[in-house]
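One structure is given here, and the rest of the page talks about it.
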Amino acid sequence: MQTGAELIMSALQAEGVDRIFGIPGVQNLELFDALKDSGIETVLVTHELCAAFMAEATSRVTGKAGCVLVVPGPGLTNAFTGIGEALLDSSPVVVIIPGARNDTALKYQLHQMPQAELARPITKAAVRTEKADEIYPEIRRAFGIATGGEPGPVVVEVPYNLFTSRAELREPASRPAPAAPDPQTIEKILRLLRAAKRVGIYAGFGASRASEEIMRLAELLQAPIATTLGGRGVVPEDFAYSVGFGFGASGTAIAEELFAECDLVLAVACKFGEVATGAYGFPRVKQLIHIDINEQVVGRNMPATVGLAADAQAALGLLVAALEGDREVRSRPLDTRLIHRIEAWRAEFAAGLESESAWESSVNPAKLMWTLRKLAARDAIVTTDSGGHQFWVAEYFPVYQRRSYLTPTDYQSMGYSVPAMIAAKLACPSRQVIGIVGDGSFLMTGAELVTAARLGLAPVVIIFNDGELGIIREAQEKIFRRTSAIKLRNPDFEALARAYGAGYFLIANDGEIEPRLKAALASGSLAVVDARVEYRKITRYFKGASSAVIGRMPLAQKARMAARLVRRRLDFP
């Protein structure tokens, strides 16, 4: 017999949970006491939002479900933003939440609210247990749901009086094995791949376990590989066939150029969502093979010639095996021109950036990221936030290893980077971890640096400090010819860093980029880099996405916008 709290710990141990993020409170004290003897690390956070972000980031780095334990009521609702991020970015997270007592008829208990019902729309599942003997199997089932199929968050609510009730540990039903890819559909895909003149491969984060298979397919088919924004690093971006992210006007120039020549695109583990496609700005492809583990995604936003609901690694493994055994495919002459075009684009891109004149009174964000890439470890884990800096990182910081680029995508929540950085450092203590964040986003969750300091962690956070909400300013100026509510009153970041026990490194111009970044990365302690960036140009992503949005507008709306711009241009200072 075990108490309810002990049953929860037994379930977490059985699932291989290393750490849990949260805040103790009156209703979950029994759980935190049980955790003390469980061997599972408890990470105290400053805010439940950050607990959910940390659990989500843990899942991205490790491939295992992240775990959250907070108080009911405000603890759960504070975590909702991180739970939403996990849902839309397909990250497995299990949230354990105390519920109102069920051994009394008295109402208006502290924090009493219908938590499972509130959480259900933003989770894969949300359940409330009512008996102690349900606890162990429900927690185990929650992990199965979170990691099975398309991953996502699950909330389990347990009335807190059950934490001291006793029950036998009852094993859950075994989890069904994932279905093998349909053989007939695999054959259809193979026929298309063999007949195509030029195949392009487009991969999302969900294909992380299939990195080797994707690269081998590219070699066999001599196919360029592009990834989604969130999927960067699924293949190393210096791999011979890698062309970066996206394949429309919002992605890299070489991806747009080469995919325009493809008569077939093989898309794996991607949804063709708004952010990944630069506001749905992708060109229609001649033929599309779409493979995703979620059958509702397949062909939904981009019509598919052939669709397959299957695990990416399982499906691609079958394709690789079949093509490797195909003498005709293996005997095709190597298209050296394709590889040379990719190499030439990389060289031209680098040369163009290196030849730019140094800025003397501010920091060029492109040079900041390009220099960081040269100085950072090849397997460095980089986290970003939502905002303008996100696309400077995407364009100028190549990623060379899977699960090493953590960025909010479909949910696009500000405040993600700092907590994600801390979680990544906890999960991978021997690796270099760098958080990149806009000043507006840092003001939301930057206080979590106290957690890093308390735990003795030494990541580096780089703040894009421009004193405003930069990407919103760009949009307002483009659309309205004036700005509103975008100016920030930033604190003294040096004083703030010292207060957190962190080193402080100011980068005021391009000449200071390399020495200050070197010093921060070599400091061996928690470091805050204050980069006084200026946005003198816009990224390809912003330009492409803006064009896509405007292109879809009705003619009458375009005319009204144009008339407003003309009127305001005459008075614009």
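In the structure tokens, chains take the letters A, B, ... in the order shown, each chain's residues start at 1, and ligands count up from 1 in the order shown.
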Extract, using only C-alpha atoms, all DNA, RNA and protein residues at most 9 Å from Ala485 of chain A, discarding same-chain residues fewer than 3 positions from it, and format them as a ChimeraX atom specification.
-> /A:468-469,488
Mind writing the picked residues with N, CA and C atoms as a tab-separated table (two decimals), in the first residue's frame?
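The result, written out as part07.tsv:
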```
chain	number	residue	atom	x	y	z
A	468	GLU	N	12.56	49.11	-27.73
A	468	GLU	CA	11.19	49.10	-28.25
A	468	GLU	C	10.81	47.69	-28.69
A	469	LEU	N	9.53	47.52	-29.01
A	469	LEU	CA	9.07	46.26	-29.58
A	469	LEU	C	9.35	46.33	-31.07
A	488	LEU	N	9.87	51.15	-24.94
A	488	LEU	CA	10.11	50.54	-23.64
A	488	LEU	C	10.92	51.47	-22.75
```
Shell around Ala57 of chain A at 7 Å using only C-alpha atoms, local window under 4 positions removed, as a PyMOL selection string = chain A and resi 53+61+406+420+423-424
Include N, CA and C atoms and write out the residues we just selected as a PDB file, in the first residue's frame.
```
ATOM      1  N   PHE A  53       7.095  26.563 -19.453  1.00  0.00           N
ATOM      2  CA  PHE A  53       8.086  26.766 -20.513  1.00  0.00           C
ATOM      3  C   PHE A  53       9.285  25.841 -20.316  1.00  0.00           C
ATOM      4  N   VAL A  61      14.598  19.236 -25.885  1.00  0.00           N
ATOM      5  CA  VAL A  61      16.023  18.898 -25.831  1.00  0.00           C
ATOM      6  C   VAL A  61      16.240  17.395 -25.652  1.00  0.00           C
ATOM      7  N   LEU A 406      15.810  25.902 -29.893  1.00  0.00           N
ATOM      8  CA  LEU A 406      14.499  25.933 -29.250  1.00  0.00           C
ATOM      9  C   LEU A 406      13.871  27.304 -29.455  1.00  0.00           C
ATOM     10  N   ALA A 420      13.483  28.615 -21.104  1.00  0.00           N
ATOM     11  CA  ALA A 420      13.919  27.497 -21.950  1.00  0.00           C
ATOM     12  C   ALA A 420      15.422  27.305 -21.850  1.00  0.00           C
ATOM     13  N   ALA A 423      16.199  25.474 -18.600  1.00  0.00           N
ATOM     14  CA  ALA A 423      15.840  24.060 -18.693  1.00  0.00           C
ATOM     15  C   ALA A 423      16.842  23.298 -19.550  1.00  0.00           C
ATOM     16  N   ALA A 424      17.281  23.904 -20.648  1.00  0.00           N
ATOM     17  CA  ALA A 424      18.252  23.248 -21.524  1.00  0.00           C
ATOM     18  C   ALA A 424      19.574  23.022 -20.803  1.00  0.00           C
TER      19      ALA A 424
END
```
Which segment 276-340 of chain A residues have any atom within 8 Å of an atom of segment 196-217 of chain A, and for each, what is the nearest pair of atoms with distance in Å to one decimal, counting only C-alpha atoms, rows sorted by chain and number, as a tab-separated table?
```
residue	atom	partner	partner_atom	distance
A:Ala312	CA	A:Ala207	CA	5.7
A:Gln313	CA	A:Ala210	CA	4.5
A:Leu316	CA	A:Glu213	CA	6.0
A:Gly317	CA	A:Glu213	CA	6.1
A:Leu319	CA	A:Leu217	CA	7.8
A:Val320	CA	A:Leu217	CA	6.0
```
Expected file: the selected residues, N, CA and C atoms, as an mmCIF file, in the first residue's frame:
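Everything below was put into part_17.cif:
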```
data_model
loop_
_atom_site.group_PDB
_atom_site.id
_atom_site.type_symbol
_atom_site.label_atom_id
_atom_site.label_comp_id
_atom_site.auth_asym_id
_atom_site.auth_seq_id
_atom_site.Cartn_x
_atom_site.Cartn_y
_atom_site.Cartn_z
ATOM 1 N N ALA A 312 7.607 9.494 -38.646
ATOM 2 C CA ALA A 312 8.571 9.922 -39.666
ATOM 3 C C ALA A 312 9.716 8.925 -39.810
ATOM 4 N N GLN A 313 10.293 8.489 -38.696
ATOM 5 C CA GLN A 313 11.442 7.588 -38.775
ATOM 6 C C GLN A 313 11.051 6.246 -39.382
ATOM 7 N N LEU A 316 10.311 6.900 -43.271
ATOM 8 C CA LEU A 316 11.513 7.213 -44.039
ATOM 9 C C LEU A 316 12.486 6.042 -44.050
ATOM 10 N N GLY A 317 12.513 5.278 -42.972
ATOM 11 C CA GLY A 317 13.365 4.097 -42.944
ATOM 12 C C GLY A 317 12.988 3.114 -44.038
ATOM 13 N N LEU A 319 11.482 3.902 -46.880
ATOM 14 C CA LEU A 319 11.834 4.519 -48.160
ATOM 15 C C LEU A 319 13.325 4.374 -48.441
ATOM 16 N N VAL A 320 14.149 4.623 -47.420
ATOM 17 C CA VAL A 320 15.599 4.503 -47.596
ATOM 18 C C VAL A 320 15.971 3.070 -47.969
#
```
Please provide the set of residues having any atom within 8 Å of Gly233 of chain A, restricted to only C-alpha atoms, with same-chain residues fewer than 6 positions apart removed, written as a ChimeraX atom specification.
-> /A:399-405
Report as a ChimeraX atom specification: the residues of segment 34-168 of chain A with a DSSP assignment of strand (DSSP E), based on the backbone of this structure.
-> /A:41-44,66-69,93-99,125-128,153-159,166-167
Could those selected residues go to a file with C-alpha atoms, as a PDB file, in the first residue's frame?
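File again_11.pdb, as written:
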```
ATOM      1  CA  GLU A  41      15.058  16.887  -8.786  1.00  0.00           C
ATOM      2  CA  THR A  42      12.605  19.658  -7.919  1.00  0.00           C
ATOM      3  CA  VAL A  43      13.237  22.990  -9.636  1.00  0.00           C
ATOM      4  CA  LEU A  44      11.656  25.956  -7.872  1.00  0.00           C
ATOM      5  CA  GLY A  66       8.662  17.423 -19.341  1.00  0.00           C
ATOM      6  CA  CYS A  67       6.812  17.587 -16.026  1.00  0.00           C
ATOM      7  CA  VAL A  68       5.147  20.388 -14.034  1.00  0.00           C
ATOM      8  CA  LEU A  69       3.818  20.456 -10.471  1.00  0.00           C
ATOM      9  CA  VAL A  93       4.384  17.838 -21.154  1.00  0.00           C
ATOM     10  CA  VAL A  94       2.565  16.357 -18.159  1.00  0.00           C
ATOM     11  CA  VAL A  95       1.082  18.796 -15.634  1.00  0.00           C
ATOM     12  CA  ILE A  96       0.106  17.422 -12.220  1.00  0.00           C
ATOM     13  CA  ILE A  97      -2.260  19.689 -10.360  1.00  0.00           C
ATOM     14  CA  PRO A  98      -3.962  19.308  -6.959  1.00  0.00           C
ATOM     15  CA  GLY A  99      -7.738  19.560  -7.074  1.00  0.00           C
ATOM     16  CA  ALA A 125      -6.239  15.307 -22.528  1.00  0.00           C
ATOM     17  CA  ALA A 126      -7.209  16.621 -19.103  1.00  0.00           C
ATOM     18  CA  VAL A 127      -8.542  14.249 -16.443  1.00  0.00           C
ATOM     19  CA  ARG A 128      -9.521  14.339 -12.775  1.00  0.00           C
ATOM     20  CA  PRO A 153       0.447  18.398 -23.063  1.00  0.00           C
ATOM     21  CA  VAL A 154      -1.740  16.452 -20.625  1.00  0.00           C
ATOM     22  CA  VAL A 155      -3.150  17.707 -17.319  1.00  0.00           C
ATOM     23  CA  VAL A 156      -3.927  15.338 -14.440  1.00  0.00           C
ATOM     24  CA  GLU A 157      -5.941  16.760 -11.533  1.00  0.00           C
ATOM     25  CA  VAL A 158      -5.889  14.857  -8.230  1.00  0.00           C
ATOM     26  CA  PRO A 159      -8.039  15.931  -5.243  1.00  0.00           C
ATOM     27  CA  ARG A 166      -3.601   4.692   0.718  1.00  0.00           C
ATOM     28  CA  ALA A 167      -4.080   2.253  -2.153  1.00  0.00           C
TER      29      ALA A 167
END
```
With a distance cut-off of 9 Å and only C-alpha atoms, select the neighbouring residues of Cys50 of chain A, excluding the residue or stretch itself and same-chain residues fewer than 2 positions from it, and output the selection as a ChimeraX atom specification.
-> /A:21-22,45-48,52-55,78-79,82,415-416,418-420,445,448
For atom CA of Arg569 of chain A and atom CA of Asp466 of chain A, the interatomic separation in Å (one decimal) |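 These two atoms are separated by 24.5 Å.
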Within 10 Å of Glu343 of chain A, counting only C-alpha atoms, which residues qualify if same-chain residues fewer than 2 places away don't, as a PyMOL selection string?
-> chain A and resi 238+240-243+337-341+345-349
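In this comparison, which uses only C-alpha atoms, the residue of A:Ile422, A:Ala520, A:Met553, A:Leu29 approaching Leu455 of chain A most closely is A:Ile422.
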A:Thr371, A:Gln432, A:Ser250, A:Ser38 ranked by distance to Ser523 of chain A, top pick (using only C-alpha atoms) = A:Gln432
Measure the distance from atom CA of Ala508 of chain A to atom CA of Gly251 of chain A in Å and round it to one decimal.
-> 29.3 Å
Minimum-distance residue to Gly307 of chain A, chosen among A:Lys188, A:Lys478, A:Arg498, A:Arg378 (using only C-alpha atoms) | A:Lys188
Atom CA of Glu514 of chain A and atom CA of Asp379 of chain A are how many Å apart?
->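 Atom CA of Glu514 of chain A sits 19.4 Å away from atom CA of Asp379 of chain A.
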Just the alpha helix (DSSP H) stuff from segment 255-377 of chain A, please, per backbone DSSP, written as a count of residues only.
-> 52
For Ser484 of chain A, which residue out of A:Gly248, A:Gly470, A:Gly16, A:Pro283 is the nearest one, using only C-alpha atoms?
-> A:Gly470
Taking only C-alpha atoms into account, produce a table as a Markdown table in which each residue of segment 309-419 of chain A with an atom at most 10 Å from an atom of segment 535-540 of chain A appears once, together with its shortest atom pair and the distance in Å to one decimal, ordered by chain and rising number.
```
| residue | atom | partner | partner_atom | distance |
| --- | --- | --- | --- | --- |
| A:Ser362 | CA | A:Tyr535 | CA | 9.5 |
| A:Val363 | CA | A:Tyr535 | CA | 8.8 |
| A:Asn364 | CA | A:Tyr535 | CA | 7.4 |
| A:Pro365 | CA | A:Tyr535 | CA | 7.3 |
| A:Ala366 | CA | A:Thr539 | CA | 9.3 |
| A:Gly388 | CA | A:Thr539 | CA | 8.7 |
| A:His389 | CA | A:Thr539 | CA | 9.8 |
| A:Phe391 | CA | A:Thr539 | CA | 6.7 |
| A:Trp392 | CA | A:Thr539 | CA | 6.7 |
| A:Ala394 | CA | A:Thr539 | CA | 9.4 |
| A:Glu395 | CA | A:Thr539 | CA | 7.4 |
| A:Tyr396 | CA | A:Thr539 | CA | 9.8 |
```
